[in-house]
file structure-v4.cif (mmCIF, C-alpha atoms)
data_input
loop_
_atom_site.group_PDB
_atom_site.id
_atom_site.type_symbol
_atom_site.label_atom_id
_atom_site.label_comp_id
_atom_site.auth_asym_id
_atom_site.auth_seq_id
_atom_site.Cartn_x
_atom_site.Cartn_y
_atom_site.Cartn_z
ATOM 1 C CA MET A 1 14.072 19.664 16.176
ATOM 2 C CA GLU A 2 17.698 19.931 17.150
ATOM 3 C CA GLY A 3 20.706 18.934 15.123
ATOM 4 C CA SER A 4 21.453 19.283 11.450
ATOM 5 C CA ALA A 5 20.281 15.812 10.403
ATOM 6 C CA ALA A 6 16.768 15.825 11.808
ATOM 7 C CA MET A 7 14.604 13.127 10.281
ATOM 8 C CA THR A 8 10.910 12.911 9.552
ATOM 9 C CA ARG A 9 9.478 9.403 9.533
ATOM 10 C CA PHE A 10 6.075 8.035 8.664
ATOM 11 C CA ALA A 11 4.565 4.580 8.273
ATOM 12 C CA LEU A 12 2.934 3.549 5.001
ATOM 13 C CA MET A 13 0.757 0.436 4.958
ATOM 14 C CA ILE A 14 -0.460 -0.762 1.555
ATOM 15 C CA VAL A 15 -3.187 -3.406 1.347
ATOM 16 C CA ARG A 16 -4.599 -5.109 -1.730
ATOM 17 C CA HIS A 17 -8.395 -5.332 -1.988
ATOM 18 C CA GLY A 18 -10.283 -8.508 -1.054
ATOM 19 C CA GLN A 19 -11.118 -11.252 -3.521
ATOM 20 C CA THR A 20 -13.768 -10.781 -6.204
ATOM 21 C CA ARG A 21 -15.478 -13.537 -8.184
ATOM 22 C CA LEU A 22 -13.438 -12.484 -11.221
ATOM 23 C CA ASN A 23 -10.153 -12.738 -9.274
ATOM 24 C CA LYS A 24 -11.043 -16.344 -8.529
ATOM 25 C CA GLU A 25 -11.954 -16.973 -12.176
ATOM 26 C CA LYS A 26 -8.737 -15.275 -13.362
ATOM 27 C CA ILE A 27 -10.577 -12.648 -15.384
ATOM 28 C CA ILE A 28 -8.954 -9.234 -15.976
ATOM 29 C CA GLN A 29 -10.867 -6.415 -14.234
ATOM 30 C CA GLY A 30 -8.561 -3.431 -14.686
ATOM 31 C CA GLN A 31 -10.525 -0.187 -14.429
ATOM 32 C CA GLY A 32 -13.452 -0.966 -16.722
ATOM 33 C CA VAL A 33 -14.916 -3.991 -14.911
ATOM 34 C CA ASP A 34 -15.987 -2.685 -11.504
ATOM 35 C CA GLU A 35 -16.738 -5.996 -9.794
ATOM 36 C CA PRO A 36 -17.733 -5.991 -6.085
ATOM 37 C CA LEU A 37 -16.104 -8.246 -3.480
ATOM 38 C CA SER A 38 -17.212 -11.864 -3.275
ATOM 39 C CA GLU A 39 -18.352 -13.382 0.016
ATOM 40 C CA THR A 40 -14.762 -14.518 0.543
ATOM 41 C CA GLY A 41 -13.550 -10.981 -0.214
ATOM 42 C CA PHE A 42 -15.781 -9.478 2.479
ATOM 43 C CA LYS A 43 -14.499 -12.090 4.966
ATOM 44 C CA GLN A 44 -10.904 -11.237 4.044
ATOM 45 C CA ALA A 45 -11.499 -7.488 4.529
ATOM 46 C CA ALA A 46 -13.121 -8.110 7.926
ATOM 47 C CA ALA A 47 -10.239 -10.396 8.936
ATOM 48 C CA ALA A 48 -7.714 -7.708 7.927
ATOM 49 C CA GLY A 49 -9.732 -5.192 9.970
ATOM 50 C CA ILE A 50 -9.682 -7.388 13.071
ATOM 51 C CA PHE A 51 -5.932 -7.989 12.633
ATOM 52 C CA LEU A 52 -5.306 -4.220 12.374
ATOM 53 C CA ASN A 53 -7.968 -3.058 14.847
ATOM 54 C CA ASN A 54 -5.463 -1.539 17.306
ATOM 55 C CA VAL A 55 -3.438 0.304 14.667
ATOM 56 C CA LYS A 56 -3.872 4.087 14.757
ATOM 57 C CA PHE A 57 -3.949 5.551 11.262
ATOM 58 C CA THR A 58 -3.712 9.289 10.646
ATOM 59 C CA HIS A 59 -4.604 9.159 6.923
ATOM 60 C CA VAL A 60 -6.577 6.674 4.802
ATOM 61 C CA PHE A 61 -6.476 6.573 0.991
ATOM 62 C CA SER A 62 -8.176 4.174 -1.390
ATOM 63 C CA SER A 63 -8.673 3.613 -5.087
ATOM 64 C CA ASP A 64 -12.163 4.767 -6.093
ATOM 65 C CA LEU A 65 -13.186 1.383 -7.554
ATOM 66 C CA THR A 66 -15.857 -0.726 -5.821
ATOM 67 C CA ARG A 67 -13.601 -3.584 -4.705
ATOM 68 C CA THR A 68 -11.191 -1.250 -2.917
ATOM 69 C CA LYS A 69 -13.963 0.893 -1.406
ATOM 70 C CA GLN A 70 -15.609 -2.191 0.080
ATOM 71 C CA THR A 71 -12.258 -3.430 1.404
ATOM 72 C CA VAL A 72 -11.336 -0.172 3.124
ATOM 73 C CA TYR A 73 -14.820 -0.026 4.721
ATOM 74 C CA GLY A 74 -14.366 -3.604 5.920
ATOM 75 C CA ILE A 75 -11.015 -2.758 7.500
ATOM 76 C CA LEU A 76 -12.062 0.497 9.204
ATOM 77 C CA GLU A 77 -15.347 -0.975 10.435
ATOM 78 C CA LYS A 78 -13.374 -3.220 12.818
ATOM 79 C CA SER A 79 -11.007 -0.472 13.996
ATOM 80 C CA LYS A 80 -11.017 0.731 17.597
ATOM 81 C CA PHE A 81 -9.717 4.171 16.614
ATOM 82 C CA CYS A 82 -10.425 4.866 12.937
ATOM 83 C CA GLN A 83 -14.102 4.020 12.307
ATOM 84 C CA ASP A 84 -15.047 7.641 11.662
ATOM 85 C CA MET A 85 -12.002 8.592 9.631
ATOM 86 C CA THR A 86 -12.454 10.310 6.295
ATOM 87 C CA ILE A 87 -11.349 8.069 3.434
ATOM 88 C CA LYS A 88 -9.790 9.925 0.533
ATOM 89 C CA TYR A 89 -10.571 8.223 -2.775
ATOM 90 C CA ASP A 90 -7.881 8.797 -5.372
ATOM 91 C CA SER A 91 -8.078 7.686 -9.008
ATOM 92 C CA ARG A 92 -4.249 7.541 -9.088
ATOM 93 C CA LEU A 93 -4.569 4.375 -6.971
ATOM 94 C CA ARG A 94 -6.708 2.545 -9.545
ATOM 95 C CA GLU A 95 -5.690 -0.746 -11.094
ATOM 96 C CA ARG A 96 -3.739 -0.749 -14.343
ATOM 97 C CA LYS A 97 -6.022 -0.165 -17.318
ATOM 98 C CA TYR A 98 -6.033 -3.231 -19.576
ATOM 99 C CA GLY A 99 -8.039 -1.834 -22.510
ATOM 100 C CA VAL A 100 -9.574 -4.512 -24.743
ATOM 101 C CA ALA A 101 -8.386 -7.268 -22.373
ATOM 102 C CA GLU A 102 -10.712 -6.129 -19.563
ATOM 103 C CA GLY A 103 -13.395 -8.741 -18.951
ATOM 104 C CA LYS A 104 -11.291 -11.397 -20.674
ATOM 105 C CA GLY A 105 -9.451 -14.303 -19.057
ATOM 106 C CA LEU A 106 -5.798 -14.122 -18.070
ATOM 107 C CA SER A 107 -5.128 -16.904 -20.585
ATOM 108 C CA GLU A 108 -6.544 -14.668 -23.350
ATOM 109 C CA LEU A 109 -4.247 -11.828 -22.283
ATOM 110 C CA ARG A 110 -1.300 -14.245 -22.461
ATOM 111 C CA ALA A 111 -2.376 -15.315 -25.956
ATOM 112 C CA MET A 112 -2.682 -11.670 -27.071
ATOM 113 C CA ALA A 113 0.810 -10.966 -25.738
ATOM 114 C CA LYS A 114 2.225 -14.038 -27.457
ATOM 115 C CA ALA A 115 0.634 -13.041 -30.776
ATOM 116 C CA ALA A 116 2.346 -9.657 -30.425
ATOM 117 C CA GLY A 117 5.675 -11.384 -29.709
ATOM 118 C CA GLU A 118 5.680 -10.163 -26.109
ATOM 119 C CA GLU A 119 5.060 -11.475 -22.596
ATOM 120 C CA ILE A 120 2.957 -10.237 -19.720
ATOM 121 C CA PRO A 121 3.245 -8.066 -17.675
ATOM 122 C CA GLY A 122 5.286 -6.043 -20.202
ATOM 123 C CA TYR A 123 2.651 -6.350 -22.921
ATOM 124 C CA THR A 124 0.151 -3.486 -23.287
ATOM 125 C CA PRO A 125 -3.211 -4.474 -24.813
ATOM 126 C CA PRO A 126 -4.825 -1.947 -27.213
ATOM 127 C CA GLY A 127 -6.381 0.824 -25.120
ATOM 128 C CA GLY A 128 -4.443 -0.221 -22.030
ATOM 129 C CA GLU A 129 -1.816 1.569 -19.942
ATOM 130 C CA THR A 130 1.872 0.878 -20.401
ATOM 131 C CA LEU A 131 3.892 -0.113 -17.345
ATOM 132 C CA ASP A 132 5.559 3.319 -17.522
ATOM 133 C CA GLN A 133 2.178 5.051 -17.348
ATOM 134 C CA VAL A 134 1.188 2.995 -14.296
ATOM 135 C CA LYS A 135 4.538 3.816 -12.702
ATOM 136 C CA MET A 136 3.973 7.535 -13.366
ATOM 137 C CA ARG A 137 0.620 7.386 -11.548
ATOM 138 C CA GLY A 138 2.236 5.585 -8.626
ATOM 139 C CA THR A 139 5.153 8.009 -8.446
ATOM 140 C CA ASP A 140 2.776 10.964 -8.645
ATOM 141 C CA PHE A 141 0.659 9.648 -5.760
ATOM 142 C CA PHE A 142 3.684 8.776 -3.614
ATOM 143 C CA GLU A 143 5.306 12.199 -4.111
ATOM 144 C CA PHE A 144 1.987 13.893 -3.326
ATOM 145 C CA LEU A 145 1.696 11.810 -0.133
ATOM 146 C CA CYS A 146 5.246 12.639 0.987
ATOM 147 C CA GLN A 147 4.687 16.379 0.428
ATOM 148 C CA LEU A 148 1.407 16.230 2.350
ATOM 149 C CA ILE A 149 2.981 14.474 5.355
ATOM 150 C CA LEU A 150 6.022 16.768 5.392
ATOM 151 C CA LYS A 151 3.841 19.879 5.130
ATOM 152 C CA GLU A 152 1.609 18.717 7.986
ATOM 153 C CA ALA A 153 4.635 17.781 10.098
ATOM 154 C CA ASP A 154 6.083 21.271 9.594
ATOM 155 C CA GLN A 155 2.830 22.919 10.648
ATOM 156 C CA LYS A 156 2.384 20.796 13.739
ATOM 157 C CA GLU A 157 3.649 21.962 17.075
ATOM 158 C CA PRO A 158 5.367 19.057 18.820
ATOM 159 C CA ILE A 159 3.028 19.430 21.817
ATOM 160 C CA SER A 160 1.949 15.933 22.651
ATOM 161 C CA SER A 161 4.483 14.115 20.507
ATOM 162 C CA GLU A 162 5.190 11.809 23.431
ATOM 163 C CA THR A 163 1.624 10.594 23.528
ATOM 164 C CA SER A 164 0.306 10.892 19.978
ATOM 165 C CA SER A 165 3.295 10.036 17.792
ATOM 166 C CA ASN A 166 4.590 7.419 20.152
ATOM 167 C CA SER A 167 1.233 5.678 20.169
ATOM 168 C CA LEU A 168 1.322 5.496 16.362
ATOM 169 C CA GLU A 169 4.543 3.523 16.589
ATOM 170 C CA THR A 170 3.410 1.447 19.561
ATOM 171 C CA SER A 171 0.184 0.407 17.842
ATOM 172 C CA LEU A 172 2.173 -0.854 14.840
ATOM 173 C CA ALA A 173 4.891 -2.494 16.935
ATOM 174 C CA GLU A 174 2.281 -4.713 18.575
ATOM 175 C CA ILE A 175 1.940 -6.720 15.348
ATOM 176 C CA PHE A 176 4.885 -5.764 13.115
ATOM 177 C CA PRO A 177 8.619 -6.252 13.835
ATOM 178 C CA LEU A 178 9.430 -2.531 13.894
ATOM 179 C CA GLU A 179 12.227 -2.543 16.453
ATOM 180 C CA LYS A 180 14.170 -5.316 14.701
ATOM 181 C CA ASN A 181 14.042 -3.521 11.367
ATOM 182 C CA CYS A 182 14.441 0.063 12.455
ATOM 183 C CA ALA A 183 16.938 -0.070 15.288
ATOM 184 C CA SER A 184 20.139 -0.731 13.380
ATOM 185 C CA LYS A 185 19.443 1.513 10.437
ATOM 186 C CA PHE A 186 18.044 4.664 12.001
ATOM 187 C CA ASN A 187 18.965 4.560 15.677
ATOM 188 C CA SER A 188 22.599 5.478 15.451
ATOM 189 C CA ASP A 189 21.995 7.590 18.561
ATOM 190 C CA SER A 190 19.569 4.924 19.873
ATOM 191 C CA SER A 191 16.571 7.244 19.528
ATOM 192 C CA ALA A 192 14.923 7.306 16.128
ATOM 193 C CA PRO A 193 12.467 10.194 15.740
ATOM 194 C CA GLU A 194 8.834 9.345 16.364
ATOM 195 C CA LEU A 195 6.501 8.651 13.473
ATOM 196 C CA VAL A 196 4.665 11.798 12.378
ATOM 197 C CA ALA A 197 1.951 9.859 10.522
ATOM 198 C CA SER A 198 0.617 6.375 9.875
ATOM 199 C CA VAL A 199 -0.987 6.022 6.445
ATOM 200 C CA LEU A 200 -3.272 3.251 5.137
ATOM 201 C CA VAL A 201 -3.586 2.806 1.366
ATOM 202 C CA VAL A 202 -5.903 0.238 -0.269
ATOM 203 C CA SER A 203 -5.182 -0.506 -3.923
ATOM 204 C CA HIS A 204 -4.778 -3.242 -6.563
ATOM 205 C CA GLY A 205 -2.396 -6.054 -7.481
ATOM 206 C CA ALA A 206 -0.749 -4.860 -10.711
ATOM 207 C CA TYR A 207 -0.666 -1.250 -9.491
ATOM 208 C CA MET A 208 0.998 -2.242 -6.206
ATOM 209 C CA ARG A 209 3.526 -4.383 -8.045
ATOM 210 C CA SER A 210 4.492 -1.356 -10.135
ATOM 211 C CA LEU A 211 4.728 0.918 -7.072
ATOM 212 C CA PHE A 212 6.849 -1.597 -5.142
ATOM 213 C CA ASN A 213 9.118 -1.931 -8.162
ATOM 214 C CA TYR A 214 9.580 1.861 -8.073
ATOM 215 C CA PHE A 215 10.422 1.658 -4.346
ATOM 216 C CA LEU A 216 13.019 -1.034 -5.012
ATOM 217 C CA THR A 217 14.562 0.190 -8.264
ATOM 218 C CA ASP A 218 14.394 3.985 -7.992
ATOM 219 C CA LEU A 219 14.366 4.540 -4.222
ATOM 220 C CA LYS A 220 16.590 1.564 -3.269
ATOM 221 C CA CYS A 221 14.133 0.275 -0.679
ATOM 222 C CA SER A 222 15.867 -1.909 1.908
ATOM 223 C CA LEU A 223 14.306 -5.320 2.512
ATOM 224 C CA PRO A 224 14.161 -7.449 5.640
ATOM 225 C CA ALA A 225 16.219 -10.674 5.496
ATOM 226 C CA THR A 226 12.999 -12.665 5.232
ATOM 227 C CA VAL A 227 11.906 -11.031 1.958
ATOM 228 C CA SER A 228 13.503 -11.899 -1.390
ATOM 229 C CA THR A 229 13.539 -9.542 -4.373
ATOM 230 C CA SER A 230 11.254 -11.893 -6.308
ATOM 231 C CA GLU A 231 8.716 -11.922 -3.461
ATOM 232 C CA PHE A 232 8.909 -8.139 -3.275
ATOM 233 C CA THR A 233 8.012 -7.801 -6.949
ATOM 234 C CA SER A 234 5.362 -10.541 -7.075
ATOM 235 C CA VAL A 235 1.643 -9.713 -7.080
ATOM 236 C CA SER A 236 0.202 -9.364 -3.591
ATOM 237 C CA PRO A 237 -2.479 -11.864 -2.557
ATOM 238 C CA ASN A 238 -5.953 -10.461 -1.816
ATOM 239 C CA THR A 239 -5.760 -8.338 1.382
ATOM 240 C CA GLY A 240 -1.999 -8.940 1.537
ATOM 241 C CA ILE A 241 -0.509 -6.328 3.899
ATOM 242 C CA SER A 242 2.809 -4.582 3.217
ATOM 243 C CA LEU A 243 4.351 -2.065 5.619
ATOM 244 C CA PHE A 244 7.067 0.499 4.952
ATOM 245 C CA ILE A 245 8.794 3.178 7.005
ATOM 246 C CA ILE A 246 9.532 6.305 4.930
ATOM 247 C CA ASN A 247 12.388 8.516 6.162
ATOM 248 C CA PHE A 248 13.206 12.087 5.156
ATOM 249 C CA GLU A 249 16.257 14.028 6.089
ATOM 250 C CA GLU A 250 15.094 17.561 6.671
ATOM 251 C CA GLY A 251 16.489 20.577 4.916
ATOM 252 C CA ARG A 252 17.566 18.629 1.857
ATOM 253 C CA GLU A 253 15.950 18.031 -1.504
ATOM 254 C CA VAL A 254 16.776 14.347 -1.527
ATOM 255 C CA LYS A 255 14.684 11.300 -2.197
ATOM 256 C CA PRO A 256 13.376 9.594 0.917
ATOM 257 C CA THR A 257 14.860 6.352 2.154
ATOM 258 C CA ILE A 258 12.389 3.500 2.380
ATOM 259 C CA GLN A 259 12.531 0.476 4.586
ATOM 260 C CA CYS A 260 10.266 -2.507 4.048
ATOM 261 C CA ILE A 261 9.082 -3.984 7.363
ATOM 262 C CA CYS A 262 6.933 -6.768 5.932
ATOM 263 C CA MET A 263 5.652 -7.857 2.546
ATOM 264 C CA ASN A 264 2.336 -9.391 1.503
ATOM 265 C CA LEU A 265 1.543 -10.480 5.063
ATOM 266 C CA GLN A 266 -1.411 -12.902 5.191
ATOM 267 C CA ASP A 267 -1.478 -13.974 8.851
ATOM 268 C CA HIS A 268 -5.001 -12.594 9.229
ATOM 269 C CA LEU A 269 -6.322 -15.045 6.621
ATOM 270 C CA ASN A 270 -5.490 -18.185 8.605
ATOM 271 C CA GLY A 271 -9.052 -18.592 9.831
ATOM 272 C CA VAL A 272 -10.778 -17.453 6.635
ATOM 273 C CA THR A 273 -12.470 -20.259 4.709
ATOM 274 C CA GLU A 274 -13.039 -19.634 1.037
ATOM 275 C CA THR A 275 -16.642 -19.604 -0.108
ATOM 276 C CA CYS A 276 -17.330 -17.937 -3.418
#
call {"tool": "encode", "arguments": {"input": "structure-v4.cif", "output": "structure tokens"}}
result
Amino acid sequence: MEGSAAMTRFALMIVRHGQTRLNKEKIIQGQGVDEPLSETGFKQAAAAGIFLNNVKFTHVFSSDLTRTKQTVYGILEKSKFCQDMTIKYDSRLRERKYGVAEGKGLSELRAMAKAAGEEIPGYTPPGGETLDQVKMRGTDFFEFLCQLILKEADQKEPISSETSSNSLETSLAEIFPLEKNCASKFNSDSSAPELVASVLVVSHGAYMRSLFNYFLTDLKCSLPATVSTSEFTSVSPNTGISLFIINFEEGREVKPTIQCICMNLQDHLNGVTETC
């Protein structure tokens, strides 16, 4: 911990839950319709787990709805290192609440918005959450997560940082282009600090879209050349994987800098055939 501009870095991987029957039928689930994964959804979760089986996570969080719980189980079940990890279920990671539109088709939601002279996603059905309310939940969870990681990093003695932290980075670098994205921005002295944590979060499409919008708009998240702003703010496909590196400069009350490594990755789904 030498130097005045010491940095604390951690990896944040956010995965959308697997497909449900209602996803396929374009029916709004929100929070009130707690539909389980379809057969395809279970296959997708298992495929994501196999794809990520060498990644070492230090923390795992999930929405407390059935479709996310089943997805996170499916991912960790295939892991070489994280099968016995404690999953923390957090209601702040739930899907946007759609009120009276829950259980109705997406086309009905569009019609309701049109009748109100609005468009989705900006339209809030009666009893639903506004986009600002969803953003507040996302911001609250993200700030909580950052404080938790920073607090734990402060308490930890850098004993086996060479082995433990380095292996966090190495396990990610095997499948994600970390060096390409991180070298120029953070390695001014050619040695970026090791990751102090690697966090897995499993959540929902509209919620993730809101959170990513916060990353981009409020925290000025930097994007890889391969990712456009419109792709960044589009809804993730089922079990789409997005990876970020969060950087904190120590000793300052400043917002973290965020770097997107990949967005809505679906490579693991190449061999998955859709059933129902």
call {"tool": "atom_distance", "arguments": {"input": "structure-v4.cif", "atom1": "CA of Thr71 in chain A", "atom2": "CA of Gln266 in chain A"}}
result
14.9 Å
call {"tool": "residues_around", "arguments": {"input": "structure-v4.cif", "residues": "Gly138 in chain A", "least_positions_apart": "6", "cutoff": "9 Å", "atoms": "all atoms listed in the file", "output": "list in words"}}
result
Arg92, Leu93, Tyr207, Met208, Ser210, Leu211 and Tyr214 of chain A
call {"tool": "residues_around", "arguments": {"input": "structure-v4.cif", "residues": "Tyr73 in chain A", "least_positions_apart": "5", "cutoff": "9 Å", "atoms": "all atoms listed in the file", "output": "list in words"}}
result
Ala45, Ala46, Gly49, Thr68, Lys78, Gln83 and Ile87 of chain A
call {"tool": "resolve_selection", "arguments": {"input": "structure-v4.cif", "expression": "the PyMOL selection byres ((chain A and resi 10-21) around 7)", "output": "ChimeraX atom specification"}}
result
/A:8-9,22-25,35-38,40-42,44-45,67-68,71,195-205,236,238-247,276
call {"tool": "atom_distance", "arguments": {"input": "structure-v4.cif", "atom1": "CA of Pro126 in chain A", "atom2": "CA of Gly99 in chain A"}}
result
5.7 Å
call {"tool": "residues_around", "arguments": {"input": "structure-v4.cif", "residues": "Phe141 in chain A", "least_positions_apart": "4", "cutoff": "9 Å", "atoms": "all atoms listed in the file", "output": "PyMOL selection string"}}
result
chain A and resi 90+92-93+136-137+145-146
call {"tool": "resolve_selection", "arguments": {"input": "structure-v4.cif", "expression": "the PyMOL selection byres ((chain A and resi 223) around 6)", "output": "list in words"}}
result
Ser222, Pro224 and Cys260 of chain A
call {"tool": "resolve_selection", "arguments": {"input": "structure-v4.cif", "expression": "the PyMOL selection byres ((chain A and resi 256) around 8)", "output": "list in words"}}
result
Leu219, Ile246, Asn247, Phe248, Glu249, Val254, Lys255, Thr257 and Ile258 of chain A
call {"tool": "closest_residue", "arguments": {"input": "structure-v4.cif", "among": "A:Ala206, A:Ala48, A:Met7, A:Val33", "to": "Val235 in chain A", "atoms": "only C-alpha atoms"}}
result
A:Ala206
call {"tool": "closest_residue", "arguments": {"input": "structure-v4.cif", "among": "A:Ile28, A:Gly105, A:Thr66, A:Ala47", "to": "Leu269 in chain A", "atoms": "only C-alpha atoms"}}
result
A:Ala47
call {"tool": "atom_distance", "arguments": {"input": "structure-v4.cif", "atom1": "CA of Gly127 in chain A", "atom2": "CA of Phe61 in chain A"}}
result
26.7 Å
call {"tool": "closest_residue", "arguments": {"input": "structure-v4.cif", "among": "A:Lys220, A:Lys69, A:Lys80, A:Lys26", "to": "Leu52 in chain A", "atoms": "only C-alpha atoms"}}
result
A:Lys80
call {"tool": "residues_near_point", "arguments": {"input": "structure-v4.cif", "point": "(-9.2, -0.9, -21.1)", "cutoff": "12 Å", "atoms": "all atoms listed in the file", "output": "ChimeraX atom specification"}}
result
/A:28-34,95-104,124-130
